[in-house]
Amino acid sequence: MNYLNLNLFEIRDELEKGNITSLELTKMCLQKIKETSDLNTLICVCEEFALDTAKRVDEDRKNGKKLGKLAGIPIVIKDNINLVGTKTTCASKFLENFVSPYTATCAQKLLDADAVIIGKANMDEFAMGSSNENSAFGPVLNPRNKAYVPGGSSGGSAATVASCQCFASLGTDTGGSIREPASFCGVVGLKPTYGRVSRYGVVAFASSLDQVGPLTRCVQDSAIMLSVIAGEDQKNDMTSSTNSVPDYEKIDTNVKGLKIGIAKEFFNDKLDKEVREALDKAIETYKANGAEIVDVSLPSLDAALGVYYILSSAEAASNLARFDGVKYGVQANKFADITDLYFKSRSQGFGKEVKRRIMIGNYVLSSGYYDAFYRKAKKVQKVIKKEFENAFSQCDIIISPTTANPAFKLGEKSGDPLSMYLTDIFTVPINIAGLPAMSLPVGKNHEGLPIGMQLIAKEFNEEMIFRFGKLFEEKNKEAQNV
C-alpha cells in the first residue's frame with residue numbers, strides 16, 4: 001500500500017490499527033521531501049524534531065496512552081507561524097536567521113493533538129503575493145506542472161500536500177492566500193471565519209484580515225484540521241472568537257431544500273470558459289441533489305480589490321515598521337546614524353513586493369490622503385459586509401470560482417503587479433467581510449491544470465461549507481482526481 005497517497009482520516013485509521021508506525025510514516029515523508037526537493041516547498045525541514053515526536057507517539061500508543069486527533073501524522077506549517085527553536089523567516093532575507101523564541105497557538109494545538117510537525121513551508125515574502133515567486137529562497141513549483149506557479153502566498157503549504165510530502169498543512173489567508181494555492185494545486189483550502197483561529201504567534205501582514213487555515217486533500221480532512229486549531233485564545237489574541245467549536249468531523253451531506261446563491265458579479269466576462277463550465281457542472285450536481293438556486297446581488301464586489309489593497313497595505317506598513325534591524329533581523333554593516341541604519345537595513349532586508357506594499361500603505365495613511373483613501377475604504381468595507389448579509393438572508397451558501405483562470409506560468413505576471421493583483425479578485429471580498437470560504441477542486445482544464453470552486457458561508461458557519469463540499473466530493477470522484 002502507498003501510505004503517502006492516503007487522506008489524513010485514512011492514515012489516521014491505519015495508524016490506530018497498527019498497520020504502520022508514526023516513525024515509519026515520518027521517514028516515508030522525509031524521503032518524499034528529498035525526492036521532490038526540486039519543488040522548493042520547504043524552507044526548513046524539522047527532521048530531528050519530527051523523528052523524536054514520532055517515536056514518542058509510537059511509545060505512547062504502545063503503552064495505551066490516550067492520544068490526540070492527529071497522533072503521529074506528519075503536518076507542515078507555513079513559515080510565518082512561530083515554532084520555538086526553529087527559524088521563522090517569512091521567506092524574507094530580513095529574518096533569514098531569526099529563531100522563534102515561542103510557539104504560535106495554532107502550532108501548539110497541532111502539538112497538543114500529537115501531530116508530527118515535519119517542516120515549515122516556503123511562501124511569498126511576509127505573505128505578500130499571489131504566485132509564491134516573491135520568496136527570498138526562490139519560487140515554489142506547482143506539483144501538477146512545474147512550469148506553473150502554485151499560487152500564493154501559501155504556495156509551499158499547498159504544494160507539500162499536493163506532492164504527498166505531508167498529510168495536511170497550515171497556511172494563512174489575508175486576501176486569498178490559502179484558497180488560491182488550493183485552486184492552483186488541486187487541493188482543499190479553507191479560510192475560516194475571522195477570529196475562528198487564534199493569530200497569536202503568526203507574523204502579522206494585515207491584522208484585521210489575516211486568518212490561519214488548513215490545506216488538505218479532501219473536505220473531511222479539512223474538518224479534522226479545523227476542529228484541532230479552532231477555538232478562543234483570549235489570553236493571547238483578543239480578536240479570537242469565544243464561540244464554541246462544533247464537532248466539525250460529523251458532516252451532514254444532505255442539501256435538499258438548501259439555497260445556493262449565485263451572484264452575477266462573480267460570473268463576469270473575465271471568467272475563463274473552462275472554469276465557467278466546471279462551475280456550471282458543479283451547480284447542476286447540487287440541483288440534482290435537491291438544492292435550490294437563487295440569484296443574489298453583490299453590487300460593490302468590483303470595489304473590493306481596491307479596498308483590500310488600501311487596507312492591507314496600510315496595516316502592512318504599520319506592522320512591518322518594527323522591522324528596523326535593531327533588535328532582530330538584518331542589520332546594515334555600514335551606516336552614518338540611526339536613520340541611515342533604518343534605511344539601509346530595510347532596503348537590504350525587504351524584497352521588491354514588500355517595499356511596494358509598504359510605500360502604498362504609508363501613502364494612503366499620510367496627511368492629506370488618509371480621508372481620500374483609507375477612511376473611504378473603511379466605509380466601502382461596511383457596504384460590502386452589508387451586501388453579503390443581505391445575500392445570506394436569501395440563501396445558505398454562495399458559490400463562485402476561486403480564481404478567474406487556472407494557474408499561470410512562472411514569470412508570466414511577475415513584471416506586471418496590477419495583473420498579479422487581479423488574480424485575487426474573487427477571494428479578497430471574503431476577507432473584507434470576515435467570512436469563511438473554501439476552495440475545492442472541481443475538475444481540470446485542457447492542459448490538466450486544476451480548477452477550483454469557492455464555497456462561501458455566513459460567519460462561523462463552516463459546517464455549511466463542509467456539507468456542500470463533502471457532498472460534491474462524494475458525487476464527483478473524478479473531479480477530485482487531479
# chains A, B, ... in the order shown; residues from 1 in each chain; ligands from 1

$ residues_around --residues "A:Gly189" --least-positions-apart "5" --cutoff "9 Å" --atoms "only C-alpha atoms" --output "list in words"
Ala158, Gly171, Ile178, Arg179, Glu180, Pro181, Ala182, Ser183, Gly213, Pro214, Leu215, Thr216, Arg217, Val219, Ser222, Ala437, Met438, Ser439 and Leu440 of chain A

$ write_last_selection --atoms "N, CA, C and O atoms" --output "PDB file, in the first residue's frame"
ATOM      1  N   ALA A 158       0.392  24.509   0.091  1.00  0.00           N
ATOM      2  CA  ALA A 158      -0.455  23.756  -0.839  1.00  0.00           C
ATOM      3  C   ALA A 158       0.351  22.690  -1.571  1.00  0.00           C
ATOM      4  O   ALA A 158      -0.110  21.551  -1.738  1.00  0.00           O
ATOM      5  N   GLY A 171      -1.767  27.173   6.399  1.00  0.00           N
ATOM      6  CA  GLY A 171      -1.405  28.374   5.665  1.00  0.00           C
ATOM      7  C   GLY A 171      -2.054  29.562   6.340  1.00  0.00           C
ATOM      8  O   GLY A 171      -2.728  29.431   7.363  1.00  0.00           O
ATOM      9  N   ILE A 178      -4.758  31.149   1.028  1.00  0.00           N
ATOM     10  CA  ILE A 178      -4.963  29.705   1.182  1.00  0.00           C
ATOM     11  C   ILE A 178      -5.745  29.177  -0.008  1.00  0.00           C
ATOM     12  O   ILE A 178      -5.403  28.160  -0.615  1.00  0.00           O
ATOM     13  N   ARG A 179      -6.802  29.902  -0.378  1.00  0.00           N
ATOM     14  CA  ARG A 179      -7.729  29.401  -1.400  1.00  0.00           C
ATOM     15  C   ARG A 179      -7.128  29.407  -2.804  1.00  0.00           C
ATOM     16  O   ARG A 179      -7.344  28.472  -3.574  1.00  0.00           O
ATOM     17  N   GLU A 180      -6.371  30.435  -3.136  1.00  0.00           N
ATOM     18  CA  GLU A 180      -5.784  30.470  -4.481  1.00  0.00           C
ATOM     19  C   GLU A 180      -4.761  29.346  -4.696  1.00  0.00           C
ATOM     20  O   GLU A 180      -4.828  28.649  -5.706  1.00  0.00           O
ATOM     21  N   PRO A 181      -3.823  29.125  -3.767  1.00  0.00           N
ATOM     22  CA  PRO A 181      -2.919  27.978  -3.938  1.00  0.00           C
ATOM     23  C   PRO A 181      -3.657  26.641  -3.957  1.00  0.00           C
ATOM     24  O   PRO A 181      -3.264  25.727  -4.683  1.00  0.00           O
ATOM     25  N   ALA A 182      -4.706  26.528  -3.156  1.00  0.00           N
ATOM     26  CA  ALA A 182      -5.504  25.299  -3.169  1.00  0.00           C
ATOM     27  C   ALA A 182      -6.092  25.069  -4.550  1.00  0.00           C
ATOM     28  O   ALA A 182      -6.070  23.951  -5.083  1.00  0.00           O
ATOM     29  N   SER A 183      -6.605  26.136  -5.170  1.00  0.00           N
ATOM     30  CA  SER A 183      -7.185  26.045  -6.502  1.00  0.00           C
ATOM     31  C   SER A 183      -6.130  25.665  -7.532  1.00  0.00           C
ATOM     32  O   SER A 183      -6.338  24.768  -8.353  1.00  0.00           O
ATOM     33  N   GLY A 213      -5.567  28.814   8.366  1.00  0.00           N
ATOM     34  CA  GLY A 213      -6.474  27.749   7.950  1.00  0.00           C
ATOM     35  C   GLY A 213      -5.724  26.568   7.382  1.00  0.00           C
ATOM     36  O   GLY A 213      -4.526  26.652   7.073  1.00  0.00           O
ATOM     37  N   PRO A 214      -6.412  25.434   7.202  1.00  0.00           N
ATOM     38  CA  PRO A 214      -5.762  24.214   6.718  1.00  0.00           C
ATOM     39  C   PRO A 214      -5.814  24.033   5.202  1.00  0.00           C
ATOM     40  O   PRO A 214      -6.750  24.488   4.533  1.00  0.00           O
ATOM     41  N   LEU A 215      -4.827  23.336   4.681  1.00  0.00           N
ATOM     42  CA  LEU A 215      -4.828  22.836   3.303  1.00  0.00           C
ATOM     43  C   LEU A 215      -4.729  21.316   3.387  1.00  0.00           C
ATOM     44  O   LEU A 215      -3.853  20.778   4.075  1.00  0.00           O
ATOM     45  N   THR A 216      -5.641  20.639   2.719  1.00  0.00           N
ATOM     46  CA  THR A 216      -5.759  19.192   2.833  1.00  0.00           C
ATOM     47  C   THR A 216      -6.103  18.579   1.482  1.00  0.00           C
ATOM     48  O   THR A 216      -6.321  19.287   0.509  1.00  0.00           O
ATOM     49  N   ARG A 217      -6.208  17.245   1.450  1.00  0.00           N
ATOM     50  CA  ARG A 217      -6.544  16.561   0.202  1.00  0.00           C
ATOM     51  C   ARG A 217      -8.041  16.358   0.033  1.00  0.00           C
ATOM     52  O   ARG A 217      -8.499  16.041  -1.069  1.00  0.00           O
ATOM     53  N   VAL A 219     -12.273  17.237   1.942  1.00  0.00           N
ATOM     54  CA  VAL A 219     -13.071  18.059   2.857  1.00  0.00           C
ATOM     55  C   VAL A 219     -13.082  17.483   4.268  1.00  0.00           C
ATOM     56  O   VAL A 219     -12.999  18.222   5.251  1.00  0.00           O
ATOM     57  N   SER A 222     -10.108  18.536   6.076  1.00  0.00           N
ATOM     58  CA  SER A 222     -10.195  19.951   6.438  1.00  0.00           C
ATOM     59  C   SER A 222     -10.976  20.129   7.731  1.00  0.00           C
ATOM     60  O   SER A 222     -10.607  20.922   8.602  1.00  0.00           O
ATOM     61  N   ALA A 437     -14.625  30.678   3.845  1.00  0.00           N
ATOM     62  CA  ALA A 437     -14.738  30.222   2.454  1.00  0.00           C
ATOM     63  C   ALA A 437     -13.746  29.099   2.208  1.00  0.00           C
ATOM     64  O   ALA A 437     -12.686  29.047   2.840  1.00  0.00           O
ATOM     65  N   MET A 438     -14.110  28.218   1.298  1.00  0.00           N
ATOM     66  CA  MET A 438     -13.261  27.080   0.947  1.00  0.00           C
ATOM     67  C   MET A 438     -13.095  27.002  -0.562  1.00  0.00           C
ATOM     68  O   MET A 438     -14.025  27.281  -1.313  1.00  0.00           O
ATOM     69  N   SER A 439     -11.895  26.628  -0.992  1.00  0.00           N
ATOM     70  CA  SER A 439     -11.682  26.258  -2.392  1.00  0.00           C
ATOM     71  C   SER A 439     -11.498  24.751  -2.455  1.00  0.00           C
ATOM     72  O   SER A 439     -10.733  24.188  -1.665  1.00  0.00           O
ATOM     73  N   LEU A 440     -12.220  24.104  -3.368  1.00  0.00           N
ATOM     74  CA  LEU A 440     -12.012  22.676  -3.579  1.00  0.00           C
ATOM     75  C   LEU A 440     -11.974  22.391  -5.072  1.00  0.00           C
ATOM     76  O   LEU A 440     -12.598  23.107  -5.859  1.00  0.00           O
TER      77      LEU A 440
END

$ residues_around --residues "stretch 411-425 of chain A" --least-positions-apart "3" --cutoff "7 Å" --atoms "only C-alpha atoms" --output "VMD selection string"
chain A and resid 130 175 to 176 305 403 408 428

$ residues_around --residues "A:Cys395" --least-positions-apart "6" --cutoff "12 Å" --atoms "only C-alpha atoms" --output "VMD selection string"
chain A and resid 257 to 263 291 to 297 388 to 389 456 to 458 464

$ write_last_selection --atoms "C-alpha atoms" --output "mmCIF file, in the first residue's frame"
data_model
loop_
_atom_site.group_PDB
_atom_site.id
_atom_site.type_symbol
_atom_site.label_atom_id
_atom_site.label_comp_id
_atom_site.auth_asym_id
_atom_site.auth_seq_id
_atom_site.Cartn_x
_atom_site.Cartn_y
_atom_site.Cartn_z
ATOM 1 C CA GLY A 257 -34.102 22.357 0.264
ATOM 2 C CA LEU A 258 -30.988 24.434 0.934
ATOM 3 C CA LYS A 259 -30.453 27.505 -1.241
ATOM 4 C CA ILE A 260 -27.345 28.292 -3.266
ATOM 5 C CA GLY A 261 -26.755 31.950 -4.046
ATOM 6 C CA ILE A 262 -25.311 32.838 -7.443
ATOM 7 C CA ALA A 263 -24.055 36.409 -7.805
ATOM 8 C CA ALA A 291 -30.580 22.244 -3.606
ATOM 9 C CA GLU A 292 -32.305 25.345 -4.955
ATOM 10 C CA ILE A 293 -30.554 28.046 -6.982
ATOM 11 C CA VAL A 294 -31.330 31.703 -6.253
ATOM 12 C CA ASP A 295 -29.884 34.890 -7.714
ATOM 13 C CA VAL A 296 -28.245 37.255 -5.236
ATOM 14 C CA SER A 297 -26.617 40.620 -5.755
ATOM 15 C CA PHE A 388 -23.104 39.821 1.960
ATOM 16 C CA GLU A 389 -25.509 39.930 4.927
ATOM 17 C CA ILE A 456 -18.774 30.956 0.940
ATOM 18 C CA ALA A 457 -20.910 30.843 4.097
ATOM 19 C CA LYS A 458 -22.127 33.109 6.895
ATOM 20 C CA MET A 464 -22.367 24.539 5.862
#

$ residues_around --residues "A:Leu209" --least-positions-apart "5" --cutoff "7 Å" --atoms "only C-alpha atoms" --output "ChimeraX atom specification"
/A:174,431-432

$ closest_residue --among "A:Asp340, A:Glu459, A:Asp13, A:Glu473" --to "A:Tyr194" --atoms "only C-alpha atoms"
A:Glu459

$ residues_around --residues "stretch 96-108 of chain A" --least-positions-apart "4" --cutoff "10 Å" --atoms "only C-alpha atoms" --output "ChimeraX atom specification"
/A:43,76-78,80-92,112-115,117,136-137,170,197-203,212-213,228-231,233,236-237,328-330,349

$ residues_around --residues "A:Ala50" --least-positions-apart "5" --cutoff "10 Å" --atoms "only C-alpha atoms" --output "list in words"
Ser22, Leu23, Thr26, Lys27, Leu30, Val45, Lys55, Arg56, Gly72, Ile73, Pro74, Ile75, Ala115, Val116, Ile117, Ile118 and Gly119 of chain A

$ write_last_selection --atoms "N, CA and C atoms" --output "PDB file, in the first residue's frame"
ATOM      1  N   SER A  22       4.130   5.607  13.396  1.00  0.00           N
ATOM      2  CA  SER A  22       4.367   7.014  13.076  1.00  0.00           C
ATOM      3  C   SER A  22       5.802   7.230  12.615  1.00  0.00           C
ATOM      4  N   LEU A  23       6.735   6.503  13.220  1.00  0.00           N
ATOM      5  CA  LEU A  23       8.141   6.642  12.831  1.00  0.00           C
ATOM      6  C   LEU A  23       8.340   6.217  11.380  1.00  0.00           C
ATOM      7  N   THR A  26       6.723   8.892   9.148  1.00  0.00           N
ATOM      8  CA  THR A  26       7.514  10.129   9.134  1.00  0.00           C
ATOM      9  C   THR A  26       8.746   9.967   8.255  1.00  0.00           C
ATOM     10  N   LYS A  27       9.390   8.821   8.326  1.00  0.00           N
ATOM     11  CA  LYS A  27      10.563   8.560   7.476  1.00  0.00           C
ATOM     12  C   LYS A  27      10.168   8.540   5.997  1.00  0.00           C
ATOM     13  N   LEU A  30       9.775  12.163   4.970  1.00  0.00           N
ATOM     14  CA  LEU A  30      11.089  12.796   4.843  1.00  0.00           C
ATOM     15  C   LEU A  30      11.784  12.355   3.556  1.00  0.00           C
ATOM     16  N   VAL A  45      13.248  21.920   7.097  1.00  0.00           N
ATOM     17  CA  VAL A  45      12.793  20.556   7.383  1.00  0.00           C
ATOM     18  C   VAL A  45      13.165  20.235   8.829  1.00  0.00           C
ATOM     19  N   LYS A  55       8.606   9.011  17.456  1.00  0.00           N
ATOM     20  CA  LYS A  55       8.996   7.952  18.401  1.00  0.00           C
ATOM     21  C   LYS A  55       8.180   8.055  19.686  1.00  0.00           C
ATOM     22  N   ARG A  56       7.996   9.261  20.177  1.00  0.00           N
ATOM     23  CA  ARG A  56       7.236   9.460  21.410  1.00  0.00           C
ATOM     24  C   ARG A  56       5.785   9.037  21.248  1.00  0.00           C
ATOM     25  N   GLY A  72       0.661  11.173  15.482  1.00  0.00           N
ATOM     26  CA  GLY A  72       1.639  10.542  14.616  1.00  0.00           C
ATOM     27  C   GLY A  72       1.585  10.921  13.160  1.00  0.00           C
ATOM     28  N   ILE A  73       0.784  11.932  12.798  1.00  0.00           N
ATOM     29  CA  ILE A  73       0.590  12.290  11.396  1.00  0.00           C
ATOM     30  C   ILE A  73       1.475  13.485  11.021  1.00  0.00           C
ATOM     31  N   PRO A  74       2.310  13.351   9.996  1.00  0.00           N
ATOM     32  CA  PRO A  74       3.179  14.463   9.567  1.00  0.00           C
ATOM     33  C   PRO A  74       2.391  15.629   8.970  1.00  0.00           C
ATOM     34  N   ILE A  75       2.653  16.825   9.519  1.00  0.00           N
ATOM     35  CA  ILE A  75       1.977  18.059   9.123  1.00  0.00           C
ATOM     36  C   ILE A  75       3.048  19.124   8.860  1.00  0.00           C
ATOM     37  N   ALA A 115       0.370  15.805  16.647  1.00  0.00           N
ATOM     38  CA  ALA A 115       0.826  15.840  15.263  1.00  0.00           C
ATOM     39  C   ALA A 115       2.345  15.872  15.210  1.00  0.00           C
ATOM     40  N   VAL A 116       2.889  15.425  14.089  1.00  0.00           N
ATOM     41  CA  VAL A 116       4.332  15.482  13.842  1.00  0.00           C
ATOM     42  C   VAL A 116       4.588  16.644  12.886  1.00  0.00           C
ATOM     43  N   ILE A 117       5.084  17.758  13.406  1.00  0.00           N
ATOM     44  CA  ILE A 117       5.402  18.904  12.540  1.00  0.00           C
ATOM     45  C   ILE A 117       6.726  18.615  11.861  1.00  0.00           C
ATOM     46  N   ILE A 118       6.662  18.435  10.541  1.00  0.00           N
ATOM     47  CA  ILE A 118       7.799  17.926   9.792  1.00  0.00           C
ATOM     48  C   ILE A 118       8.590  19.007   9.043  1.00  0.00           C
ATOM     49  N   GLY A 119       7.993  20.188   8.902  1.00  0.00           N
ATOM     50  CA  GLY A 119       8.701  21.241   8.192  1.00  0.00           C
ATOM     51  C   GLY A 119       7.916  22.538   8.156  1.00  0.00           C
TER      52      GLY A 119
END

$ select_by_dssp --residues "stretch 117-316 of chain A" --states "alpha helix (DSSP H)" --output "PyMOL selection string"
chain A and resi 155-162+179-185+219-229+273-288+304-316

$ closest_residue --among "A:Leu70, A:Thr172, A:Ala321, A:Ile360" --to "A:Lys109" --atoms "only C-alpha atoms"
A:Leu70
